[in-house]
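Engineer: What follows is entry-v5.cif, mmCIF, C-alpha atoms.
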```cif
data_target
loop_
_atom_site.label_atom_id
_atom_site.label_comp_id
_atom_site.auth_asym_id
_atom_site.auth_seq_id
_atom_site.Cartn_x
_atom_site.Cartn_y
_atom_site.Cartn_z
CA MET U 1 70.42 -65.97 57.57
CA SER U 2 71.61 -68.77 55.29
CA ALA U 3 69.50 -70.07 52.44
CA ILE U 4 68.95 -73.39 54.24
CA THR U 5 67.93 -71.70 57.49
CA LEU U 6 65.58 -69.43 55.59
CA SER U 7 64.12 -72.47 53.81
CA ASN U 8 63.46 -74.28 57.10
CA GLU U 9 61.94 -71.23 58.73
CA LEU U 10 59.58 -70.51 55.86
CA SER U 11 58.54 -74.15 55.71
CA ARG U 12 57.64 -74.05 59.43
CA MET U 13 55.58 -70.89 58.91
CA LEU U 14 53.72 -72.40 55.97
CA LYS U 15 52.81 -75.48 58.01
CA GLN U 16 51.43 -73.30 60.79
CA HIS U 17 49.11 -71.72 58.28
CA HIS U 18 47.93 -75.19 57.20
CA TYR U 19 49.25 -74.94 53.64
CA LYS U 20 50.65 -78.08 52.10
CA THR U 21 53.45 -77.81 49.58
CA ILE U 22 53.27 -80.38 46.82
CA GLU U 23 56.52 -81.64 45.49
CA ALA U 24 56.22 -83.75 42.37
CA THR U 25 58.73 -86.55 42.02
CA LEU U 26 60.52 -85.27 38.96
CA ARG U 27 62.30 -87.93 37.06
CA LYS U 28 63.27 -90.28 39.89
CA ALA U 29 65.43 -92.25 37.53
CA ARG U 30 67.43 -89.10 36.83
CA THR U 31 68.43 -88.46 40.45
CA ASN U 32 68.73 -92.20 41.28
CA PRO U 33 69.59 -93.82 37.96
CA PRO U 34 69.11 -97.61 38.02
CA ARG U 35 71.89 -98.11 35.52
CA THR U 36 75.50 -98.17 36.64
CA ILE U 37 76.84 -95.82 34.01
CA SER U 38 77.55 -92.15 34.73
CA PHE U 39 76.94 -89.21 32.47
CA THR U 40 78.73 -86.44 30.67
CA ARG U 41 76.97 -83.39 32.11
CA LEU U 42 76.38 -79.88 30.88
CA PHE U 43 79.04 -77.44 32.19
CA GLY U 44 81.39 -80.23 33.11
CA THR U 45 82.17 -83.94 33.22
CA SER U 46 81.25 -86.31 36.03
CA THR U 47 84.15 -87.98 37.82
CA ASN U 48 83.10 -91.47 36.68
CA GLN U 49 82.57 -90.79 32.98
CA VAL U 50 82.51 -93.92 30.82
CA ASP U 51 82.61 -94.52 27.08
CA ASN U 52 78.80 -94.40 26.86
CA ASN U 53 79.17 -90.68 25.99
CA LEU U 54 75.57 -89.94 26.98
CA VAL U 55 74.97 -86.20 27.32
CA GLU U 56 72.09 -85.30 29.62
CA PRO U 57 70.87 -82.06 31.22
CA ASP U 58 72.86 -81.01 34.26
CA ASN U 59 71.13 -81.97 37.54
CA ARG U 60 73.96 -81.28 39.99
CA PHE U 61 72.20 -78.27 41.50
CA ARG U 62 68.78 -79.82 41.53
CA GLU U 63 68.48 -80.51 45.28
CA TYR U 64 69.49 -76.96 46.21
CA PHE U 65 66.94 -75.28 43.96
CA GLN U 66 64.20 -77.78 44.77
CA LYS U 67 64.54 -76.77 48.45
CA TYR U 68 64.36 -73.12 47.44
CA ARG U 69 61.24 -73.76 45.36
CA ARG U 70 59.51 -75.55 48.25
CA ALA U 71 60.30 -72.64 50.54
CA LYS U 72 58.98 -70.04 48.14
CA SER U 73 55.78 -71.75 46.98
CA VAL U 74 52.55 -73.21 48.28
CA ALA U 75 50.06 -75.67 46.89
CA THR U 76 47.39 -74.39 44.54
CA ILE U 77 44.80 -72.53 46.59
CA PRO U 78 41.20 -73.34 45.59
CA TYR U 79 38.53 -70.65 45.70
CA SER U 80 36.03 -71.05 48.49
CA GLU U 81 33.39 -73.13 46.67
CA THR U 82 35.83 -75.56 45.12
CA PRO U 83 36.93 -78.61 47.11
CA SER U 84 40.67 -79.06 47.48
CA TYR U 85 42.34 -82.19 46.23
CA GLU U 86 45.62 -84.01 46.55
CA LYS U 87 47.83 -83.88 43.47
CA ASP U 88 49.64 -86.92 42.16
CA GLU U 89 53.21 -86.75 43.43
CA ASP U 90 54.48 -88.93 40.59
CA THR U 91 53.90 -86.24 37.95
CA PRO U 92 56.70 -86.37 35.32
CA THR U 93 59.00 -83.44 34.58
CA ILE U 94 57.12 -80.25 33.75
CA GLY U 95 56.40 -79.89 30.07
CA THR U 96 57.08 -83.54 29.20
CA LEU U 97 53.83 -85.21 30.25
CA GLU U 98 52.40 -87.10 27.29
CA ARG U 99 54.78 -85.29 24.94
CA LYS U 100 56.62 -87.07 22.16
CA LYS U 101 60.21 -88.08 21.54
CA VAL U 102 62.22 -87.51 18.36
CA THR U 103 65.65 -88.94 17.56
CA VAL U 104 67.88 -87.45 14.88
CA VAL U 105 70.68 -89.73 13.63
CA GLY U 106 73.62 -87.85 12.15
CA MET U 107 74.76 -84.48 13.46
CA GLY U 108 76.16 -83.07 10.26
CA ASN U 109 74.80 -79.87 8.80
CA VAL U 110 71.43 -81.39 7.86
CA GLY U 111 70.98 -83.10 11.22
CA LEU U 112 71.70 -79.89 13.10
CA GLY U 113 69.25 -78.04 10.84
CA CYS U 114 66.59 -80.60 11.75
CA VAL U 115 67.24 -80.35 15.49
CA ALA U 116 67.15 -76.56 15.40
CA ALA U 117 63.88 -76.49 13.44
CA ILE U 118 62.20 -79.07 15.70
CA LEU U 119 63.30 -77.29 18.87
CA ASN U 120 62.15 -73.90 17.64
CA GLN U 121 58.68 -75.27 16.88
CA ASP U 122 58.27 -76.82 20.34
CA MET U 123 56.81 -80.08 19.05
CA CYS U 124 58.31 -82.72 21.33
CA GLY U 125 59.17 -83.28 24.97
CA SER U 126 62.47 -85.01 24.26
CA ILE U 127 64.95 -84.96 21.40
CA ALA U 128 67.90 -87.37 21.15
CA MET U 129 70.95 -86.68 19.00
CA ILE U 130 73.15 -89.53 17.72
CA ASP U 131 76.51 -89.24 15.99
CA GLN U 132 79.80 -91.13 16.00
CA ASN U 133 81.93 -87.99 16.41
CA LYS U 134 81.70 -87.94 20.20
CA LYS U 135 83.56 -84.71 20.81
CA ARG U 136 81.59 -82.65 18.32
CA LEU U 137 78.33 -84.31 19.42
CA GLU U 138 78.92 -83.30 23.03
CA GLY U 139 79.64 -79.75 21.96
CA GLU U 140 76.51 -79.50 19.81
CA ALA U 141 74.33 -81.00 22.55
CA LYS U 142 75.64 -78.58 25.18
CA ASP U 143 75.16 -75.68 22.80
CA PHE U 144 71.48 -76.63 22.35
CA GLN U 145 71.05 -77.32 26.08
CA GLN U 146 72.35 -73.89 27.00
CA GLY U 147 69.50 -72.36 25.00
CA ALA U 148 66.87 -74.19 27.06
CA ALA U 149 65.43 -70.90 28.34
CA PHE U 150 64.28 -70.09 24.82
CA HIS U 151 62.17 -73.17 24.12
CA THR U 152 59.52 -74.93 26.14
CA SER U 153 60.79 -77.77 28.32
CA THR U 154 62.34 -80.00 25.68
CA GLU U 155 64.82 -82.48 27.12
CA ILE U 156 67.94 -82.70 24.95
CA LEU U 157 70.00 -85.90 25.04
CA ALA U 158 72.97 -86.99 22.98
CA SER U 159 75.05 -90.14 22.64
CA SER U 160 77.02 -92.19 20.17
CA GLU U 161 75.03 -95.21 21.39
CA TYR U 162 71.54 -95.99 20.12
CA ASP U 163 69.98 -96.75 23.50
CA VAL U 164 69.50 -92.99 23.87
CA SER U 165 66.86 -93.30 21.13
CA ALA U 166 64.73 -95.80 23.05
CA ALA U 167 60.96 -95.34 22.80
CA SER U 168 61.11 -92.66 20.12
CA ASP U 169 57.93 -91.74 18.26
CA LEU U 170 59.90 -90.57 15.22
CA VAL U 171 63.46 -91.19 14.08
CA VAL U 172 64.95 -88.91 11.44
CA VAL U 173 67.98 -90.31 9.61
CA THR U 174 70.32 -87.72 8.12
CA ALA U 175 73.59 -89.63 8.49
CA GLY U 176 75.55 -90.11 5.31
CA ALA U 177 78.39 -88.83 3.21
CA ALA U 178 78.05 -85.12 2.43
CA GLN U 179 77.12 -84.05 -1.08
CA GLN U 180 80.00 -82.25 -2.75
CA PRO U 181 79.80 -79.36 -5.26
CA GLY U 182 78.95 -80.75 -8.68
CA GLU U 183 78.09 -84.18 -7.31
CA SER U 184 74.61 -85.54 -8.07
CA ARG U 185 72.55 -87.22 -5.37
CA LEU U 186 72.82 -90.55 -7.16
CA ASP U 187 76.63 -90.39 -6.98
CA LEU U 188 76.31 -90.62 -3.20
CA LEU U 189 74.71 -94.06 -3.24
CA LYS U 190 77.71 -96.32 -2.78
CA ASN U 191 79.03 -94.29 0.13
CA ASN U 192 75.72 -94.31 1.98
CA VAL U 193 74.45 -97.88 1.65
CA GLY U 194 76.87 -99.23 4.26
CA ILE U 195 75.97 -96.43 6.66
CA MET U 196 72.27 -97.27 6.37
CA GLU U 197 72.94 -100.96 7.02
CA SER U 198 74.53 -100.03 10.35
CA ILE U 199 71.77 -97.63 11.40
CA ILE U 200 68.36 -99.15 10.62
CA PRO U 201 68.61 -102.39 12.67
CA ARG U 202 69.67 -100.44 15.77
CA ILE U 203 66.84 -97.94 15.37
CA ILE U 204 64.29 -100.74 15.16
CA GLU U 205 65.87 -102.56 18.11
CA HIS U 206 65.39 -99.58 20.44
CA SER U 207 62.26 -98.01 18.92
CA PRO U 208 60.29 -100.75 17.15
CA ASP U 209 57.13 -98.62 16.99
CA ALA U 210 58.72 -95.44 15.65
CA ALA U 211 58.07 -94.00 12.22
CA ILE U 212 61.40 -93.57 10.39
CA LEU U 213 61.95 -90.57 8.13
CA ILE U 214 64.90 -90.72 5.74
CA ALA U 215 66.61 -87.47 4.74
CA THR U 216 69.92 -88.96 3.61
CA ASN U 217 70.67 -88.42 -0.10
CA PRO U 218 69.98 -89.82 -2.60
CA CYS U 219 66.75 -89.73 -0.64
CA ASP U 220 64.50 -91.98 -2.72
CA ILE U 221 66.98 -94.81 -3.13
CA MET U 222 68.13 -94.58 0.49
CA THR U 223 64.50 -94.82 1.62
CA ALA U 224 64.04 -97.93 -0.50
CA ILE U 225 67.25 -99.41 0.91
CA ALA U 226 66.23 -98.61 4.49
CA SER U 227 62.90 -100.37 3.91
CA LYS U 228 64.64 -103.40 2.45
CA ILE U 229 67.03 -103.54 5.43
CA ALA U 230 64.09 -103.34 7.86
CA GLY U 231 62.61 -106.42 6.23
CA PRO U 232 59.10 -107.50 5.24
CA SER U 233 57.90 -107.79 8.83
CA PHE U 234 58.31 -104.04 9.40
CA PRO U 235 55.00 -102.26 8.63
CA GLN U 236 54.84 -100.85 5.13
CA GLY U 237 54.86 -97.09 4.95
CA LYS U 238 56.48 -96.71 8.36
CA ILE U 239 59.78 -95.93 6.65
CA PHE U 240 59.43 -93.04 4.22
CA GLY U 241 61.56 -90.24 2.81
CA THR U 242 61.41 -86.45 2.89
CA GLY U 243 61.18 -86.73 -0.90
CA THR U 244 59.84 -83.76 -2.82
CA CYS U 245 58.27 -81.99 0.16
CA LEU U 246 61.12 -79.46 -0.04
CA ASP U 247 61.01 -79.35 -3.87
CA SER U 248 57.29 -78.55 -3.68
CA SER U 249 58.00 -75.82 -1.13
CA ARG U 250 60.57 -74.25 -3.45
CA PHE U 251 58.07 -74.53 -6.29
CA GLN U 252 55.31 -72.81 -4.31
CA THR U 253 57.66 -70.13 -3.02
CA ILE U 254 58.92 -69.12 -6.48
CA ILE U 255 55.38 -68.75 -7.81
CA ALA U 256 54.12 -66.98 -4.68
CA THR U 257 57.01 -64.52 -4.57
CA SER U 258 56.45 -63.67 -8.22
CA MET U 259 52.78 -62.93 -7.48
CA ASP U 260 53.24 -61.19 -4.11
CA LEU U 261 51.28 -63.93 -2.37
CA ASP U 262 51.68 -66.12 0.68
CA PRO U 263 53.24 -69.46 -0.43
CA ASN U 264 50.42 -71.21 1.41
CA SER U 265 48.04 -69.77 -1.20
CA ILE U 266 49.84 -71.72 -3.95
CA HIS U 267 48.72 -75.35 -4.21
CA GLY U 268 50.64 -77.77 -6.39
CA TYR U 269 53.06 -80.67 -6.33
CA ILE U 270 56.47 -81.66 -7.50
CA ILE U 271 56.47 -85.48 -7.65
CA GLY U 272 58.89 -88.23 -8.60
CA GLU U 273 62.56 -88.07 -7.70
CA HIS U 274 63.92 -85.66 -5.14
CA GLY U 275 66.41 -84.42 -7.67
CA ASP U 276 67.11 -83.91 -11.32
CA SER U 277 64.20 -85.90 -12.80
CA SER U 278 61.47 -84.45 -10.58
CA ILE U 279 58.14 -83.68 -12.25
CA PRO U 280 56.07 -80.52 -11.83
CA VAL U 281 52.41 -81.49 -12.02
CA TRP U 282 51.22 -78.30 -13.69
CA SER U 283 47.70 -79.64 -13.93
CA SER U 284 47.58 -79.68 -10.09
CA VAL U 285 48.71 -76.07 -9.58
CA ARG U 286 46.11 -73.72 -8.12
CA ILE U 287 46.46 -70.05 -7.23
CA GLY U 288 43.99 -70.05 -4.40
CA ALA U 289 41.17 -71.98 -6.09
CA ILE U 290 42.04 -70.93 -9.65
CA PRO U 291 43.90 -73.40 -11.92
CA LEU U 292 47.16 -72.02 -13.27
CA LEU U 293 46.59 -73.81 -16.58
CA GLN U 294 43.38 -74.62 -18.38
CA PRO U 295 42.63 -78.27 -19.23
CA GLY U 296 44.88 -79.39 -22.07
CA GLN U 297 47.08 -76.29 -21.88
CA GLU U 298 50.82 -76.95 -21.97
CA PRO U 299 53.28 -75.11 -19.71
CA SER U 300 55.06 -72.15 -21.29
CA ASP U 301 58.81 -71.69 -21.47
CA THR U 302 58.54 -69.40 -18.45
CA LEU U 303 56.88 -72.13 -16.38
CA LYS U 304 59.48 -74.65 -17.52
CA ALA U 305 62.13 -72.20 -16.31
CA VAL U 306 60.41 -72.16 -12.91
CA HIS U 307 60.88 -75.92 -12.63
CA LYS U 308 64.51 -75.68 -13.73
CA THR U 309 65.06 -73.13 -10.96
CA VAL U 310 63.60 -75.61 -8.47
CA VAL U 311 65.92 -78.37 -9.69
CA ASP U 312 68.96 -76.08 -9.58
CA SER U 313 68.13 -74.63 -6.14
CA ALA U 314 70.11 -77.09 -4.05
CA TYR U 315 73.10 -77.05 -6.40
CA ASP U 316 73.09 -73.24 -6.26
CA VAL U 317 73.21 -73.23 -2.46
CA ILE U 318 75.91 -75.92 -2.41
CA ASP U 319 78.04 -73.89 -4.81
CA LEU U 320 77.67 -70.84 -2.55
CA LYS U 321 78.09 -72.33 0.95
CA GLY U 322 79.16 -75.92 0.39
CA TYR U 323 76.02 -77.65 1.69
CA THR U 324 72.29 -77.26 2.30
CA ASN U 325 70.74 -77.55 5.75
CA TRP U 326 68.20 -74.92 6.84
CA ALA U 327 65.48 -75.52 4.25
CA ILE U 328 65.69 -79.31 4.54
CA GLY U 329 65.68 -78.91 8.34
CA MET U 330 62.46 -76.90 8.18
CA SER U 331 60.95 -79.35 5.71
CA THR U 332 61.78 -82.26 8.02
CA ALA U 333 60.27 -80.44 11.03
CA HIS U 334 57.14 -79.82 8.94
CA ILE U 335 56.79 -83.57 8.33
CA ALA U 336 57.73 -84.40 11.94
CA LYS U 337 54.82 -82.33 13.21
CA MET U 338 52.43 -84.42 11.08
CA VAL U 339 53.78 -87.64 12.58
CA LEU U 340 53.90 -86.48 16.20
CA ASN U 341 50.42 -84.94 16.09
CA ASP U 342 48.92 -87.67 13.88
CA THR U 343 47.48 -84.98 11.62
CA ARG U 344 46.77 -87.16 8.55
CA THR U 345 48.11 -84.39 6.29
CA ILE U 346 48.60 -84.84 2.55
CA VAL U 347 52.19 -84.02 1.61
CA PRO U 348 54.53 -85.25 -1.15
CA VAL U 349 56.98 -87.72 0.42
CA SER U 350 58.91 -90.70 -0.86
CA THR U 351 57.19 -94.08 -0.69
CA CYS U 352 57.03 -97.28 -2.73
CA VAL U 353 55.29 -96.67 -6.08
CA ARG U 354 55.41 -100.18 -7.55
CA GLY U 355 52.23 -100.77 -9.52
CA LEU U 356 51.39 -97.07 -9.89
CA TYR U 357 51.40 -95.28 -13.27
CA GLY U 358 52.94 -98.34 -14.90
CA VAL U 359 55.98 -98.65 -12.58
CA GLU U 360 56.88 -102.33 -12.17
CA ASP U 361 59.92 -102.24 -9.86
CA ASP U 362 60.52 -101.64 -6.14
CA VAL U 363 61.19 -97.96 -6.60
CA PHE U 364 60.47 -95.23 -4.06
CA LEU U 365 59.36 -91.87 -5.44
CA SER U 366 57.29 -88.98 -4.14
CA LEU U 367 53.54 -88.75 -4.51
CA PRO U 368 51.05 -86.90 -2.29
CA CYS U 369 50.74 -89.13 0.79
CA ASN U 370 48.60 -89.24 3.91
CA VAL U 371 51.11 -88.91 6.76
CA SER U 372 50.23 -89.95 10.31
CA ARG U 373 51.95 -91.30 13.41
CA GLU U 374 52.32 -94.58 11.49
CA GLY U 375 54.18 -92.87 8.65
CA VAL U 376 52.56 -93.09 5.23
CA ILE U 377 49.09 -94.63 5.51
CA GLY U 378 47.82 -93.80 2.04
CA VAL U 379 48.94 -92.50 -1.34
CA SER U 380 46.88 -90.05 -3.39
CA LEU U 381 46.72 -90.78 -7.10
CA LEU U 382 47.01 -87.56 -9.04
CA PRO U 383 45.33 -87.44 -12.46
CA LEU U 384 48.48 -87.07 -14.56
CA THR U 385 48.63 -86.15 -18.22
CA GLU U 386 50.17 -88.81 -20.45
CA ALA U 387 53.36 -86.73 -20.69
CA GLU U 388 53.57 -86.45 -16.88
CA ALA U 389 52.93 -90.18 -16.43
CA GLU U 390 55.60 -91.04 -18.99
CA THR U 391 58.11 -88.76 -17.26
CA PHE U 392 57.24 -90.46 -13.94
CA ARG U 393 57.92 -93.89 -15.45
CA MET U 394 61.22 -92.66 -16.91
CA SER U 395 62.25 -91.28 -13.53
CA ALA U 396 61.43 -94.63 -11.90
CA LYS U 397 63.42 -96.49 -14.55
CA SER U 398 66.41 -94.18 -14.07
CA LEU U 399 66.47 -94.78 -10.32
CA TRP U 400 65.96 -98.51 -10.72
CA GLU U 401 68.99 -98.79 -13.00
CA VAL U 402 71.11 -97.38 -10.19
CA GLN U 403 69.37 -99.33 -7.43
CA LYS U 404 69.09 -102.69 -9.19
CA PRO U 405 72.76 -103.85 -8.90
CA ILE U 406 72.65 -103.65 -5.10
CA TRP U 407 68.99 -104.41 -4.42
CA ASN U 408 69.23 -108.18 -4.13
CA LYS U 409 72.39 -107.94 -2.04
CA ILE U 410 70.70 -106.05 0.77
CA GLY U 411 69.67 -108.14 3.76
CA VAL U 412 71.45 -111.22 2.48
#
```
Just dump the structure as structure tokens.

Structural biologist:
Amino acid sequence: MSAITLSNELSRMLKQHHYKTIEATLRKARTNPPRTISFTRLFGTSTNQVDNNLVEPDNRFREYFQKYRRAKSVATIPYSETPSYEKDEDTPTIGTLERKKVTVVGMGNVGLGCVAAILNQDMCGSIAMIDQNKKRLEGEAKDFQQGAAFHTSTEILASSEYDVSAASDLVVVTAGAAQQPGESRLDLLKNNVGIMESIIPRIIEHSPDAAILIATNPCDIMTAIASKIAGPSFPQGKIFGTGTCLDSSRFQTIIATSMDLDPNSIHGYIIGEHGDSSIPVWSSVRIGAIPLLQPGQEPSDTLKAVHKTVVDSAYDVIDLKGYTNWAIGMSTAHIAKMVLNDTRTIVPVSTCVRGLYGVEDDVFLSLPCNVSREGVIGVSLLPLTEAEAETFRMSAKSLWEVQKPIWNKIGV
């Protein structure tokens, strides 16, 4: 007996027993797309492929397996005292109802690290990947799609065009020139400004309500530039940078490992620049509830060496493997979860600090911030020592000297 004959026969038998199979209309636009373009599909290319280069899940076998599912299933059977009800046949694809969408722009090593971390934490119903290298992008998208059995119903899309990002809740920008061994983050600035000018307007065009998280280095300056490109009408705080979230994680991990503790038991912040002039706020460090230093106590040479290790961490990894990606990917996913779930979590990220601790310019640096679906909605003011506040001002001045020559040219 053929599969189709078997399907028809079983359907007839089910009807005779008065069961009603319920078939949800799963993604009508997918099977009957209103647009005229065709798609590059998983496991092959459609015959009418166009330059759109959109990579979507493969639905060529959908009708066959939908018939099989109808033949092998019945509607939910209520127990005797519960009235039956008709289900809505317009239910969206399983696992995507009311779930969020994330777009990652730039499929270099950092972008791939972000996608992998977000997928493995099952935090969104759809993730879109954007890159201008169409061939590699298609390969990376298919590689992720082929692992769909190992994560929960996350739709994976990819394209070189920004319409794939439409209606995103969060957009993560990692696109930019790669940091080379021995090159500081600030040296990357000139190469990355032009890239940001081409990205931000298109993100806002397709996802005007999305929070935008900048991971491109030099992170603080690129976040400031992205905000300037977005313009004054774009809500403040909605564009923010990964900042010293990763630096603080490294900081906590070093201390925790040295004490045989869970890093989550170490509370403390690295603030300021995501880079060489970052500031460890020793007065904020707690081991559980116990302050690491007593009021007025200065950090020892050992503690200063801990901070130097934090600063050197990225350079060490770059010297060994040529780039960093996994830790920043996990850090970005950590922040993404706060945005998508609107958790209002306090975390050190890069935001505008003009007017704080004596900073007078439009500089973005990291401070503990309240992060929600709207991005940064509040900044916590740490009680800094005079030495810490002075270092913060010096860090701001250093970044402004680099940023100032191009600041007034942006958006002109």

Engineer: Using the chain letters and numbering of this document, enumerate as a PDB file with C-alpha atoms, in the frame of the given file the residues selected by the PyMOL selection byres ((chain U and resi 217) around 10).

Structural biologist:
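Output file selection14.pdb is given in full below:
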```
ATOM      1  CA  THR U 174      70.320 -87.720   8.120  1.00  0.00           C
ATOM      2  CA  ALA U 175      73.590 -89.630   8.490  1.00  0.00           C
ATOM      3  CA  GLY U 176      75.550 -90.110   5.310  1.00  0.00           C
ATOM      4  CA  ALA U 177      78.390 -88.830   3.210  1.00  0.00           C
ATOM      5  CA  ALA U 178      78.050 -85.120   2.430  1.00  0.00           C
ATOM      6  CA  GLN U 179      77.120 -84.050  -1.080  1.00  0.00           C
ATOM      7  CA  SER U 184      74.610 -85.540  -8.070  1.00  0.00           C
ATOM      8  CA  ARG U 185      72.550 -87.220  -5.370  1.00  0.00           C
ATOM      9  CA  LEU U 186      72.820 -90.550  -7.160  1.00  0.00           C
ATOM     10  CA  ASP U 187      76.630 -90.390  -6.980  1.00  0.00           C
ATOM     11  CA  LEU U 188      76.310 -90.620  -3.200  1.00  0.00           C
ATOM     12  CA  LEU U 189      74.710 -94.060  -3.240  1.00  0.00           C
ATOM     13  CA  ASN U 192      75.720 -94.310   1.980  1.00  0.00           C
ATOM     14  CA  ILE U 214      64.900 -90.720   5.740  1.00  0.00           C
ATOM     15  CA  ALA U 215      66.610 -87.470   4.740  1.00  0.00           C
ATOM     16  CA  THR U 216      69.920 -88.960   3.610  1.00  0.00           C
ATOM     17  CA  PRO U 218      69.980 -89.820  -2.600  1.00  0.00           C
ATOM     18  CA  CYS U 219      66.750 -89.730  -0.640  1.00  0.00           C
ATOM     19  CA  ASP U 220      64.500 -91.980  -2.720  1.00  0.00           C
ATOM     20  CA  ILE U 221      66.980 -94.810  -3.130  1.00  0.00           C
ATOM     21  CA  MET U 222      68.130 -94.580   0.490  1.00  0.00           C
ATOM     22  CA  THR U 223      64.500 -94.820   1.620  1.00  0.00           C
ATOM     23  CA  GLY U 241      61.560 -90.240   2.810  1.00  0.00           C
ATOM     24  CA  THR U 242      61.410 -86.450   2.890  1.00  0.00           C
ATOM     25  CA  GLY U 243      61.180 -86.730  -0.900  1.00  0.00           C
ATOM     26  CA  HIS U 274      63.920 -85.660  -5.140  1.00  0.00           C
ATOM     27  CA  GLY U 275      66.410 -84.420  -7.670  1.00  0.00           C
TER      28      GLY U 275
END
```

Engineer: Rounded to one decimal in Å, what is the spacing between atom CA of Ala256 of chain U and atom CA of Ser277 of chain U?

Structural biologist: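 So the two atoms, atom CA of Ala256 of chain U and atom CA of Ser277 of chain U, lie 22.9 Å apart.
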
Engineer: Pick out the closest residue to Gly378 of chain U from this set: U:Ala289, U:Val363, U:Val171, U:Val353. Count all atoms listed in the file.

Structural biologist: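 Ranking U:Ala289, U:Val363, U:Val171, U:Val353 by distance to Gly378 of chain U, first place goes to U:Val353.
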
Engineer: Mind listing whatever residues come within 8 Å of the point (51.4, -92.9, 14.9)? Use only C-alpha atoms, file coordinates, and give them as a list in words.

Structural biologist: Asp169, Ala210, Ala211, Val339, Leu340, Asp342, Ser372, Arg373, Glu374 and Gly375 of chain U

Engineer: If you apply the PyMOL selection byres ((chain U and resi 107) around 8) to this file, what residues do you get, as a count of residues only?

Structural biologist: 14

Engineer: Counting only C-alpha atoms, write as a list in words all protein and nucleic acid residues lying at most 10 Å from (65.7, -84.9, 20.8) in the file's frame.

Structural biologist: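 Nearby residues: Lys100, Lys101, Val102, Thr103, Val104, Val105, Val115, Ile118, Leu119, Cys124, Gly125, Ser126, Ile127, Ala128, Met129, Ile130, Ala141, Thr154, Glu155, Ile156, Leu157, Ala158, Val164, Ser165, Ser168, Leu170 and Val171 of chain U.
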
Engineer: What residues come out when you apply the PyMOL selection byres ((chain U and resi 391) around 12) to this file, written as a PDB file with C-alpha atoms, in the frame of the given file?

Structural biologist:
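Written file, selection_30.pdb:
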```pdb
ATOM      1  CA  ILE U 271      56.470 -85.480  -7.650  1.00  0.00           C
ATOM      2  CA  GLY U 272      58.890 -88.230  -8.600  1.00  0.00           C
ATOM      3  CA  GLU U 273      62.560 -88.070  -7.700  1.00  0.00           C
ATOM      4  CA  ASP U 276      67.110 -83.910 -11.320  1.00  0.00           C
ATOM      5  CA  SER U 277      64.200 -85.900 -12.800  1.00  0.00           C
ATOM      6  CA  SER U 278      61.470 -84.450 -10.580  1.00  0.00           C
ATOM      7  CA  ILE U 279      58.140 -83.680 -12.250  1.00  0.00           C
ATOM      8  CA  PRO U 280      56.070 -80.520 -11.830  1.00  0.00           C
ATOM      9  CA  VAL U 281      52.410 -81.490 -12.020  1.00  0.00           C
ATOM     10  CA  TYR U 357      51.400 -95.280 -13.270  1.00  0.00           C
ATOM     11  CA  GLY U 358      52.940 -98.340 -14.900  1.00  0.00           C
ATOM     12  CA  VAL U 359      55.980 -98.650 -12.580  1.00  0.00           C
ATOM     13  CA  LEU U 384      48.480 -87.070 -14.560  1.00  0.00           C
ATOM     14  CA  THR U 385      48.630 -86.150 -18.220  1.00  0.00           C
ATOM     15  CA  GLU U 386      50.170 -88.810 -20.450  1.00  0.00           C
ATOM     16  CA  ALA U 387      53.360 -86.730 -20.690  1.00  0.00           C
ATOM     17  CA  GLU U 388      53.570 -86.450 -16.880  1.00  0.00           C
ATOM     18  CA  ALA U 389      52.930 -90.180 -16.430  1.00  0.00           C
ATOM     19  CA  GLU U 390      55.600 -91.040 -18.990  1.00  0.00           C
ATOM     20  CA  PHE U 392      57.240 -90.460 -13.940  1.00  0.00           C
ATOM     21  CA  ARG U 393      57.920 -93.890 -15.450  1.00  0.00           C
ATOM     22  CA  MET U 394      61.220 -92.660 -16.910  1.00  0.00           C
ATOM     23  CA  SER U 395      62.250 -91.280 -13.530  1.00  0.00           C
ATOM     24  CA  ALA U 396      61.430 -94.630 -11.900  1.00  0.00           C
ATOM     25  CA  LYS U 397      63.420 -96.490 -14.550  1.00  0.00           C
ATOM     26  CA  SER U 398      66.410 -94.180 -14.070  1.00  0.00           C
TER      27      SER U 398
END
```

Engineer: Leaving out Met338 of chain U and any residue of its chain fewer than 6 positions from it, which residues lie within 7 Å of it when counting all atoms listed in the file, given as a ChimeraX atom specification?

Structural biologist: /U:344-345,371-372

Engineer: Find, counting only C-alpha atoms, the residue in U:Gln297, U:Phe150, U:Gly139, U:Ile204 that gets nearest to Ala167 of chain U.

Structural biologist: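 So, comparing all the options, the nearest one is U:Ile204.
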
Engineer: If you measure from atom CA of Gln145 of chain U to atom CA of Val172 of chain U, what distance in Å do you get, rounded to one decimal?

Structural biologist: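 Taking atom CA of Gln145 of chain U as the start and atom CA of Val172 of chain U as the end point, the length is 19.6 Å.
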
Engineer: Please list as a list of chain:residue names every residue within 7 Å of Val379 of chain U, counting all atoms listed in the file and excluding residues in the same chain fewer than 4 positions away.

Structural biologist: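 Listing them by chain and then by number gives U:Leu367, U:Pro368, U:Cys369, U:Asn370.
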